[in-house]
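Raw contents of start.txt, compact mmCIF, C-alpha atoms:
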```
# COMPACT_ATOMS: atom_id res chain seq x y z
CA MET A 30 6.09 189.25 16.05
CA SER A 31 5.51 191.31 12.95
CA SER A 32 2.54 190.33 10.78
CA LEU A 33 3.05 192.86 7.99
CA LEU A 34 3.66 190.14 5.39
CA ASN A 35 1.43 187.42 6.85
CA GLY A 36 -0.09 185.37 4.04
CA VAL A 37 2.74 186.11 1.60
CA ARG A 38 4.44 182.97 0.26
CA VAL A 39 8.02 183.27 -1.01
CA LEU A 40 9.82 180.57 -2.98
CA ASP A 41 13.49 181.12 -2.28
CA LEU A 42 15.95 179.61 -4.76
CA THR A 43 18.92 181.64 -3.52
CA ASN A 44 22.29 180.72 -2.07
CA VAL A 45 24.97 182.17 0.21
CA ILE A 46 24.24 185.79 1.31
CA ALA A 47 22.46 188.38 -0.84
CA GLY A 48 19.41 186.28 -1.72
CA PRO A 49 19.07 184.46 1.63
CA MET A 50 19.39 187.78 3.47
CA CYS A 51 16.60 189.26 1.33
CA SER A 52 14.26 186.35 2.09
CA TYR A 53 15.27 186.49 5.77
CA LEU A 54 14.15 190.13 5.90
CA LEU A 55 10.81 189.06 4.40
CA ALA A 56 10.50 186.14 6.85
CA MET A 57 11.14 188.47 9.78
CA LEU A 58 8.17 190.53 8.62
CA GLY A 59 5.87 187.53 8.61
CA ALA A 60 6.21 186.01 5.13
CA GLU A 61 6.21 182.24 4.68
CA VAL A 62 9.57 181.53 3.05
CA ILE A 63 10.13 178.13 1.45
CA LYS A 64 13.78 177.55 0.69
CA ILE A 65 14.24 175.29 -2.33
CA GLU A 66 17.63 173.55 -2.21
CA VAL A 67 19.62 171.07 -4.25
CA PRO A 68 19.12 167.51 -2.90
CA ARG A 69 21.95 166.15 -0.72
CA ARG A 70 23.92 169.40 -0.96
CA GLY A 71 21.70 172.36 -0.20
CA ASP A 72 22.70 175.99 0.07
CA LEU A 73 26.46 176.45 -0.32
CA SER A 74 26.55 178.33 2.98
CA ARG A 75 25.56 175.14 4.83
CA SER A 76 29.23 174.20 4.52
CA MET A 77 30.56 177.64 5.48
CA GLY A 78 31.35 179.16 8.84
CA VAL A 79 33.72 179.11 11.79
CA VAL A 80 31.80 176.72 14.08
CA ASP A 81 33.13 173.34 13.01
CA GLU A 82 30.40 171.25 14.65
CA LEU A 83 27.70 173.14 12.73
CA VAL A 84 29.56 173.00 9.42
CA ALA A 85 30.08 169.24 9.85
CA ARG A 86 26.32 168.75 10.13
CA GLY A 87 25.42 170.87 7.13
CA MET A 88 24.25 173.74 9.33
CA GLY A 89 27.17 176.14 8.99
CA ASP A 90 26.86 179.28 11.08
CA SER A 91 26.95 181.34 7.88
CA PHE A 92 23.79 179.49 6.83
CA CYS A 93 22.06 179.66 10.19
CA VAL A 94 22.25 183.42 10.59
CA MET A 95 20.43 184.09 7.28
CA ASN A 96 17.90 181.25 7.25
CA ALA A 97 16.04 181.10 10.53
CA GLY A 98 12.27 181.20 10.14
CA LYS A 99 12.30 179.44 6.76
CA LYS A 100 11.10 176.06 5.56
CA SER A 101 13.29 173.83 3.39
CA ILE A 102 12.53 171.42 0.60
CA ALA A 103 15.15 169.57 -1.44
CA LEU A 104 14.10 169.59 -5.10
CA ASN A 105 16.10 168.87 -8.25
CA LEU A 106 15.05 171.56 -10.72
CA LYS A 107 17.17 170.01 -13.48
CA SER A 108 14.79 167.07 -13.66
CA GLU A 109 11.52 167.36 -15.57
CA ALA A 110 9.58 166.13 -12.55
CA GLY A 111 11.27 168.70 -10.34
CA ARG A 112 10.51 171.44 -12.84
CA ARG A 113 6.82 170.49 -12.93
CA ILE A 114 6.65 170.46 -9.14
CA PHE A 115 8.20 173.91 -8.98
CA LEU A 116 5.71 175.24 -11.52
CA ASP A 117 2.89 173.91 -9.37
CA MET A 118 4.40 175.60 -6.33
CA ALA A 119 4.84 178.87 -8.25
CA GLY A 120 1.13 178.83 -8.95
CA THR A 121 0.47 179.16 -5.20
CA ALA A 122 3.26 181.66 -4.50
CA ASP A 123 3.40 185.43 -4.28
CA VAL A 124 7.16 185.80 -4.77
CA VAL A 125 9.95 183.86 -6.46
CA LEU A 126 13.46 184.92 -5.48
CA GLU A 127 16.62 183.70 -7.26
CA ASN A 128 20.27 184.73 -7.49
CA PHE A 129 21.54 182.53 -10.31
CA ARG A 130 23.63 183.96 -13.11
CA PRO A 131 21.41 185.45 -15.82
CA GLY A 132 20.28 182.71 -18.19
CA VAL A 133 20.19 179.84 -15.68
CA MET A 134 16.45 180.06 -15.03
CA ALA A 135 15.79 180.14 -18.78
CA ARG A 136 17.86 176.98 -19.25
CA LEU A 137 15.79 175.34 -16.53
CA GLY A 138 12.61 176.39 -18.34
CA LEU A 139 11.59 178.49 -15.34
CA ASP A 140 12.28 182.07 -16.37
CA TRP A 141 10.01 185.06 -15.86
CA ASP A 142 7.93 184.51 -19.00
CA VAL A 143 7.20 180.90 -18.07
CA LEU A 144 6.39 181.66 -14.44
CA LYS A 145 4.28 184.69 -15.34
CA ALA A 146 2.18 182.53 -17.65
CA ALA A 147 1.60 180.14 -14.75
CA ASN A 148 0.87 182.94 -12.25
CA PRO A 149 0.25 186.45 -13.66
CA GLY A 150 0.32 187.95 -10.16
CA LEU A 151 3.78 186.60 -9.33
CA VAL A 152 6.51 188.94 -8.12
CA TYR A 153 9.77 187.58 -9.56
CA CYS A 154 13.04 188.97 -8.18
CA ALA A 155 16.44 188.12 -9.70
CA ILE A 156 19.59 189.19 -7.85
CA SER A 157 22.92 189.06 -9.69
CA GLY A 158 26.30 190.74 -9.63
CA PHE A 159 25.78 193.00 -12.65
CA GLY A 160 22.08 192.71 -13.47
CA GLN A 161 20.23 191.00 -16.30
CA THR A 162 21.45 193.43 -18.98
CA GLY A 163 24.73 195.07 -20.00
CA PRO A 164 28.08 193.72 -21.24
CA LEU A 165 28.90 192.01 -17.91
CA ALA A 166 25.46 190.54 -17.27
CA GLY A 167 26.58 186.92 -17.57
CA ARG A 168 29.70 187.23 -15.45
CA PRO A 169 29.81 185.43 -12.06
CA SER A 170 30.41 187.63 -9.08
CA TYR A 171 30.75 187.77 -5.31
CA ASP A 172 30.85 190.63 -2.83
CA GLN A 173 34.59 191.22 -3.11
CA ILE A 174 34.40 191.52 -6.89
CA ILE A 175 31.70 194.18 -6.62
CA GLN A 176 33.63 196.04 -3.93
CA GLY A 177 36.38 196.46 -6.48
CA PHE A 178 34.11 197.23 -9.44
CA SER A 179 32.08 199.83 -7.56
CA GLY A 180 35.08 201.94 -6.51
CA LEU A 181 34.38 201.17 -2.87
CA MET A 182 37.84 199.68 -2.34
CA SER A 183 39.44 202.80 -3.82
CA LEU A 184 37.87 204.74 -0.94
CA THR A 185 38.76 202.29 1.81
CA GLY A 186 42.07 202.13 3.65
CA PRO A 187 44.77 204.57 4.78
CA GLU A 188 45.48 207.67 2.72
CA ASP A 189 48.95 206.46 1.73
CA GLY A 190 48.08 202.76 1.58
CA GLU A 191 46.57 200.23 -0.80
CA PRO A 192 42.85 199.95 -1.62
CA ALA A 193 41.20 197.78 1.02
CA ARG A 194 38.13 195.58 1.24
CA ALA A 195 35.42 196.75 3.63
CA GLY A 196 35.23 194.60 6.74
CA TYR A 197 32.00 192.81 5.87
CA VAL A 198 29.94 191.86 2.83
CA VAL A 199 28.52 195.32 2.26
CA CYS A 200 27.67 194.80 -1.44
CA ASP A 201 25.75 191.59 -0.74
CA THR A 202 23.95 193.40 2.06
CA MET A 203 23.01 196.39 -0.09
CA ALA A 204 21.62 194.11 -2.80
CA ALA A 205 19.60 192.17 -0.21
CA VAL A 206 18.04 195.31 1.23
CA MET A 207 17.31 196.71 -2.25
CA ALA A 208 15.66 193.43 -3.24
CA ALA A 209 13.51 193.25 -0.11
CA PHE A 210 12.47 196.88 -0.62
CA ALA A 211 11.54 196.28 -4.27
CA VAL A 212 9.66 193.06 -3.47
CA SER A 213 7.69 194.78 -0.71
CA ALA A 214 6.75 197.64 -3.03
CA ALA A 215 5.66 195.20 -5.73
CA LEU A 216 3.51 193.34 -3.20
CA VAL A 217 1.76 196.58 -2.29
CA ARG A 218 0.83 197.12 -5.94
CA LYS A 219 -0.18 193.48 -6.33
CA ALA A 220 -2.59 193.86 -3.41
CA ARG A 221 -4.11 196.87 -5.18
CA THR A 222 -4.18 195.69 -8.82
CA GLY A 223 -3.36 191.97 -8.86
CA ASP A 224 -0.41 192.60 -11.19
CA GLY A 225 2.91 190.79 -10.81
CA GLU A 226 6.36 192.23 -11.45
CA MET A 227 9.83 191.28 -12.65
CA ILE A 228 12.56 192.82 -10.45
CA ASP A 229 16.18 192.91 -11.68
CA VAL A 230 18.56 193.67 -8.78
CA SER A 231 22.22 194.33 -9.54
CA MET A 232 24.76 194.18 -6.73
CA LEU A 233 26.86 196.76 -8.57
CA ASP A 234 23.94 199.15 -9.07
CA SER A 235 22.81 198.66 -5.47
CA THR A 236 26.24 199.52 -4.10
CA LEU A 237 26.78 202.53 -6.34
CA SER A 238 23.33 203.93 -5.63
CA THR A 239 24.00 203.93 -1.88
CA MET A 240 27.24 205.85 -2.46
CA ALA A 241 25.41 208.70 -4.21
CA SER A 242 25.19 211.20 -1.35
CA TRP A 243 28.51 212.92 -1.96
CA LEU A 244 30.79 210.41 -3.68
CA ILE A 245 28.97 210.00 -6.96
CA SER A 246 27.33 213.43 -6.87
CA GLY A 247 30.72 215.08 -6.33
CA TYR A 248 32.20 213.23 -9.27
CA VAL A 249 29.39 213.35 -11.85
CA ASN A 250 28.42 216.93 -10.99
CA GLY A 251 31.73 218.41 -9.94
CA GLY A 252 34.43 216.25 -11.47
CA VAL A 253 35.98 215.53 -8.06
CA VAL A 254 37.38 212.00 -7.81
CA PRO A 255 37.22 210.88 -4.17
CA GLY A 256 40.19 209.11 -2.65
CA ARG A 257 41.22 207.34 0.53
CA LEU A 258 41.40 209.30 3.76
CA GLY A 259 41.54 206.43 6.22
CA ASN A 260 39.01 207.11 8.96
CA HIS A 261 38.61 210.80 8.16
CA ASN A 262 35.55 212.37 6.57
CA PRO A 263 36.51 214.43 3.51
CA SER A 264 33.54 216.77 4.00
CA GLY A 265 34.29 217.77 7.58
CA SER A 266 36.93 218.27 10.24
CA PRO A 267 37.51 217.20 12.91
CA SER A 268 35.70 214.08 11.80
CA GLY A 269 37.50 210.78 12.19
CA THR A 270 39.21 208.49 14.68
CA PHE A 271 41.36 209.96 17.45
CA ARG A 272 43.68 208.41 20.03
CA THR A 273 42.74 208.81 23.69
CA GLY A 274 44.63 207.91 26.83
CA ASP A 275 43.69 204.24 26.56
CA GLY A 276 42.32 203.62 23.08
CA ARG A 277 40.53 205.32 20.22
CA MET A 278 37.27 207.11 19.68
CA ASN A 279 35.36 208.65 16.82
CA ILE A 280 34.50 212.32 16.75
CA SER A 281 32.27 213.67 13.98
CA ILE A 282 31.87 217.44 13.79
CA ASN A 283 29.46 218.80 11.18
CA GLU A 284 28.37 222.13 12.65
CA GLN A 285 30.29 225.11 13.95
CA GLY A 286 28.55 224.92 17.31
CA GLN A 287 29.65 221.32 17.71
CA TYR A 288 33.25 222.31 17.07
CA GLU A 289 33.10 225.08 19.64
CA ARG A 290 31.60 222.75 22.25
CA LEU A 291 34.37 220.25 21.52
CA CYS A 292 37.05 222.87 22.13
CA ASP A 293 35.49 223.84 25.46
CA ALA A 294 34.98 220.21 26.52
CA ILE A 295 38.66 219.30 26.06
CA GLY A 296 39.90 222.48 27.72
CA LEU A 297 41.19 224.22 24.59
CA PRO A 298 38.84 227.18 24.09
CA ALA A 299 41.60 229.07 22.23
CA LEU A 300 41.13 226.73 19.25
CA LYS A 301 37.80 228.42 18.57
CA SER A 302 39.58 231.61 17.49
CA ASP A 303 42.72 230.04 15.98
CA PRO A 304 42.80 231.33 12.36
CA ARG A 305 43.77 227.86 11.11
CA PHE A 306 40.51 226.37 12.38
CA LEU A 307 37.91 229.12 12.16
CA ASP A 308 35.49 227.32 9.84
CA ARG A 309 34.89 223.99 8.12
CA GLU A 310 37.04 224.75 5.08
CA SER A 311 40.02 225.96 7.10
CA ARG A 312 39.79 222.95 9.40
CA ILE A 313 39.76 220.59 6.40
CA ARG A 314 42.87 222.31 5.01
CA ASN A 315 44.60 222.01 8.39
CA ARG A 316 43.31 218.59 9.34
CA LYS A 317 46.64 217.14 10.51
CA PRO A 318 47.73 219.91 12.92
CA LEU A 319 44.21 219.97 14.37
CA GLN A 320 44.29 216.22 14.93
CA GLU A 321 47.63 216.50 16.74
CA LEU A 322 46.29 219.17 19.08
CA LEU A 323 43.12 217.22 19.80
CA GLU A 324 44.96 213.97 20.46
CA ASP A 325 47.37 215.70 22.85
CA ALA A 326 44.35 216.86 24.85
CA LEU A 327 42.48 213.54 24.60
CA ALA A 328 45.54 211.65 25.84
CA ARG A 329 44.97 213.09 29.32
CA SER A 330 42.06 210.69 29.96
CA GLY A 331 40.56 207.46 28.71
CA THR A 332 37.84 206.83 26.17
CA ASP A 333 35.09 206.22 28.74
CA TYR A 334 35.78 209.56 30.38
CA TRP A 335 35.63 211.46 27.10
CA GLU A 336 32.53 209.59 25.95
CA ASP A 337 30.73 210.76 29.08
CA ILE A 338 31.97 214.35 28.73
CA PHE A 339 31.02 214.58 25.08
CA ALA A 340 27.59 213.03 25.64
CA ARG A 341 26.83 215.63 28.31
CA THR A 342 28.08 218.55 26.20
CA GLY A 343 26.45 217.61 22.89
CA VAL A 344 29.57 216.61 20.96
CA PRO A 345 28.93 213.74 18.48
CA ALA A 346 31.42 211.07 19.57
CA GLY A 347 31.69 207.42 20.48
CA PRO A 348 34.18 204.66 21.23
CA VAL A 349 35.79 202.34 18.67
CA LEU A 350 34.64 198.93 19.90
CA ASP A 351 35.61 195.47 18.81
CA PHE A 352 32.87 193.07 17.77
CA ALA A 353 32.49 191.41 21.17
CA GLN A 354 32.19 194.79 22.88
CA ALA A 355 29.58 195.97 20.37
CA ILE A 356 27.37 192.88 20.74
CA SER A 357 27.52 192.99 24.54
CA HIS A 358 26.96 196.76 24.80
CA PRO A 359 23.96 197.71 26.97
CA GLN A 360 22.40 199.62 24.09
CA VAL A 361 22.45 196.57 21.83
CA GLN A 362 21.18 194.37 24.66
CA ALA A 363 18.35 196.78 25.44
CA ARG A 364 17.15 196.67 21.83
CA GLN A 365 17.16 192.83 21.89
CA LEU A 366 18.94 192.54 18.55
CA LEU A 367 19.81 188.88 19.10
CA LYS A 368 17.31 186.03 18.94
CA HIS A 369 18.37 182.77 20.60
CA PHE A 370 17.01 179.30 19.84
CA ASP A 371 17.80 177.06 22.79
CA ASP A 372 17.79 173.88 20.78
CA MET A 373 18.01 173.08 17.08
CA PRO A 374 16.58 169.64 16.27
CA GLY A 375 19.34 167.17 15.54
CA MET A 376 22.07 169.61 16.54
CA GLY A 377 22.13 169.21 20.30
CA ARG A 378 22.86 172.88 20.82
CA GLY A 379 21.38 176.34 20.46
CA ILE A 380 22.07 179.12 17.98
CA SER A 381 21.69 182.90 17.98
CA VAL A 382 20.64 185.01 15.00
CA THR A 383 20.08 188.71 14.50
CA ARG A 384 16.75 190.46 14.30
CA LEU A 385 16.20 193.50 12.07
CA GLY A 386 17.38 197.05 12.68
CA PHE A 387 13.97 198.54 13.42
CA HIS A 388 11.07 198.12 15.83
CA LEU A 389 7.36 198.29 15.01
CA ALA A 390 4.52 199.41 17.24
CA SER A 391 2.39 196.52 15.93
CA GLY A 392 4.95 193.84 16.77
CA ASN A 393 8.68 193.69 16.22
CA PRO A 394 10.27 191.67 13.37
CA ASP A 395 11.05 188.15 14.55
CA VAL A 396 11.04 184.48 13.55
CA SER A 397 9.64 181.57 15.52
CA ARG A 398 11.53 178.60 14.12
CA PRO A 399 15.26 177.84 13.91
CA PRO A 400 17.13 177.40 10.61
CA PRO A 401 15.84 174.31 8.79
CA ARG A 402 17.67 171.09 8.17
CA LEU A 403 18.05 170.29 4.49
CA GLY A 404 14.71 169.15 3.09
CA GLU A 405 12.97 168.90 6.45
CA ASP A 406 9.69 170.25 5.04
CA THR A 407 9.74 168.41 1.69
CA ALA A 408 7.06 165.87 2.53
CA ALA A 409 4.72 168.33 4.22
CA ILE A 410 4.85 170.95 1.47
CA LEU A 411 4.60 168.53 -1.45
CA GLY A 412 1.92 166.54 0.36
CA ALA A 413 -0.13 169.73 0.56
CA LEU A 414 0.19 169.95 -3.24
CA GLY A 415 -1.52 166.57 -3.49
CA LEU A 416 1.46 164.22 -3.90
CA ASP A 417 0.78 160.98 -2.06
CA GLU A 418 3.22 158.79 -0.14
CA THR A 419 3.90 156.46 -3.03
CA THR A 420 4.64 159.32 -5.41
CA LEU A 421 6.95 160.97 -2.91
CA ARG A 422 8.82 157.70 -2.36
CA HIS A 423 9.34 157.25 -6.10
CA LEU A 424 10.51 160.86 -6.46
CA GLN A 425 12.98 160.37 -3.63
CA GLU A 426 14.31 157.15 -5.13
CA ALA A 427 14.78 158.97 -8.46
CA GLY A 428 16.75 161.78 -6.80
CA VAL A 429 14.12 164.41 -7.60
CA ILE A 430 13.46 165.23 -3.94
CA ASP A 431 15.14 164.55 -0.64
CA GLY A 432 14.56 165.11 3.05
CA CYS A 433 15.96 164.41 6.49
CA ALA A 434 13.47 161.61 7.06
CA PRO A 435 11.43 159.23 4.89
CA CYS A 436 8.99 161.28 2.84
CA VAL A 437 5.65 160.81 4.54
CA PRO A 438 3.09 163.49 3.67
CA GLY A 439 0.48 164.87 6.00
CA ALA A 440 2.55 166.91 8.47
CA ALA A 441 1.42 170.49 8.96
CA VAL A 442 2.80 172.92 6.43
```

File written out as structure tokens:
Amino acid sequence: MSSLLNGVRVLDLTNVIAGPMCSYLLAMLGAEVIKIEVPRRGDLSRSMGVVDELVARGMGDSFCVMNAGKKSIALNLKSEAGRRIFLDMAGTADVVLENFRPGVMARLGLDWDVLKAANPGLVYCAISGFGQTGPLAGRPSYDQIIQGFSGLMSLTGPEDGEPARAGYVVCDTMAAVMAAFAVSAALVRKARTGDGEMIDVSMLDSTLSTMASWLISGYVNGGVVPGRLGNHNPSGSPSGTFRTGDGRMNISINEQGQYERLCDAIGLPALKSDPRFLDRESRIRNRKPLQELLEDALARSGTDYWEDIFARTGVPAGPVLDFAQAISHPQVQARQLLKHFDDMPGMGRGISVTRLGFHLASGNPDVSRPPPRLGEDTAAILGALGLDETTLRHLQEAGVIDGCAPCVPGAAV
């Protein structure tokens, strides 16, 4: 397991995807992540997913995949007692992570200024749809809203079709990665100087910044407004999805040598000297006739055959797999992307989650405990803060805290 963030304590106030994914990345790298949830309800994603038996028990598969390796306490921050407890916890923390709408933490009396006064070395990260400033700062948002705002949907879908949503929550994901990156950088400085930081992550900014390579640069520097091209790459040809004898495959040509090897591999060497396809620009202008010629040749054999041929001849290409095929592919299996917990307490079944997309020589990112039940660590964590059994019982009776079992302090934190 990775120990890069061992000793780092994260208080995670987030819900659904962007925030929980950020803290999951940190947990995979060794941080202690304490998820702070609303009593009796918890993270909204506990009730989301496609596995009915998990959703029914407040452990929706959407929750499980982003929350393994974390602890959970149920704490009512709207109560004065809950607020005081959180302030005490913040005094022992390195990071506070939240994805409320701007202004919510201030109304709770737990904004950056308050928390910084309690812990000057705290790294505070706020994730929101539009950021903490600007005319839309207070507007609620989800991934689909940002896909539309960012222009991403205007680029997605067939050339002659309607704007389309990307197939997964890409804007949430970009914000999560940006937040984890910023938090990690702030922790490096904290280790050097002791200083904390306030990090303002915008889903919109995060998405737009990752589109900068040619989309934004082409527009802001060249005035070119990108549009939909389906699966084709506007900066190269042939570069897109092509029909084979039994399916589809992607071919992505970026260099002249690659194009010439492609022509030889499919038995059409004459295309190398065809004036319509001599260079990148001419091939982009004549994209459709080139695709027709390539697909006629590819139709002679199946995708597996062409994948082997192209791999041996140095042509960048690969199959178009469905999700089940991708997860079961030998390459994915060899990299051990999936982590399986054989048994989740109280669930009577196992669950699989994903590891991170990189390996480390010192120990690969991983988590050792399954996703937590709502409030399962409440007594242990608050007991370590000095709250005795009687106090915990009174807090539970008042609705300030909750857990899956009677609050008895003393368990290992």

| For A:Arg112: contacts at 12 Å, only C-alpha atoms, fewer than 3 positions along chain excluded, given as number ranges by chain | A: 65, 104-109, 115-119, 134-140, 143-144, 429-430

| Counting all atoms listed in the file, what is within 10 Å of A:Ser330, bar same-chain residues fewer than 3 positions away, as an MDAnalysis selection string? | chainID A and resid 273:276 326:327 333:335

| task | Quick one: everything within 12 Å of A:Gly265, counting all atoms listed in the file, minus sequence neighbours fewer than 5 positions away in the same chain. Send it as an MDAnalysis selection string. | result | chainID A and resid 258 260 280:285 287:288 306 308:316

| request: Calculate how many Å separate atom CA of A:Gly186 from atom CA of A:Ala208, rounding to one decimal. | output: 28.6 Å

| How many Å separate atom CA of A:Thr236 from atom CA of A:Met50? | 15.6 Å

| request: Can you work out which one of A:Ala220, A:Val396, A:Ala110, A:Leu323 has the shortest atom-to-atom distance to A:Leu58, counting all atoms listed in the file? | output: A:Val396

| request: Do a neighbour search on A:Met227 at 8 Å with only C-alpha atoms, toss out local chain neighbours closer than 2 positions, and write the hits as a list in words. | output: Trp141, Val152, Tyr153, Cys154, Ala155, Gly225 and Asp229 of chain A

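What separates atom CA of A:Asp293 from atom CA of A:Gly259 is a distance of 26.6 Å.
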
| Using only C-alpha atoms, which of the listed residues (A:Ala413, A:Ala56, A:Ile46, A:Leu307) sits closest to A:Val199? |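 Nearest candidate to A:Val199 out of A:Ala413, A:Ala56, A:Ile46, A:Leu307: A:Ile46.
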
| task | Tell me which protein, DNA and RNA residues are within 10 Å of A:Thr162, counting all atoms listed in the file, leaving out same-chain ones fewer than 2 positions away, and put them as a PyMOL selection string. | result | chain A and resi 131+159-160+164-167+229+231

| With distances taken over only C-alpha atoms, which of A:Val124, A:Val45, A:Met203, A:Leu233 is nearest to A:Gly158? |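 For A:Gly158, the nearest of the candidates is A:Leu233.
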
| said: Ranking A:Phe129, A:Tyr197, A:Tyr171, A:Tyr53 by minimum distance to A:Phe352 and counting all atoms listed in the file, which one comes first? | reply: A:Tyr197
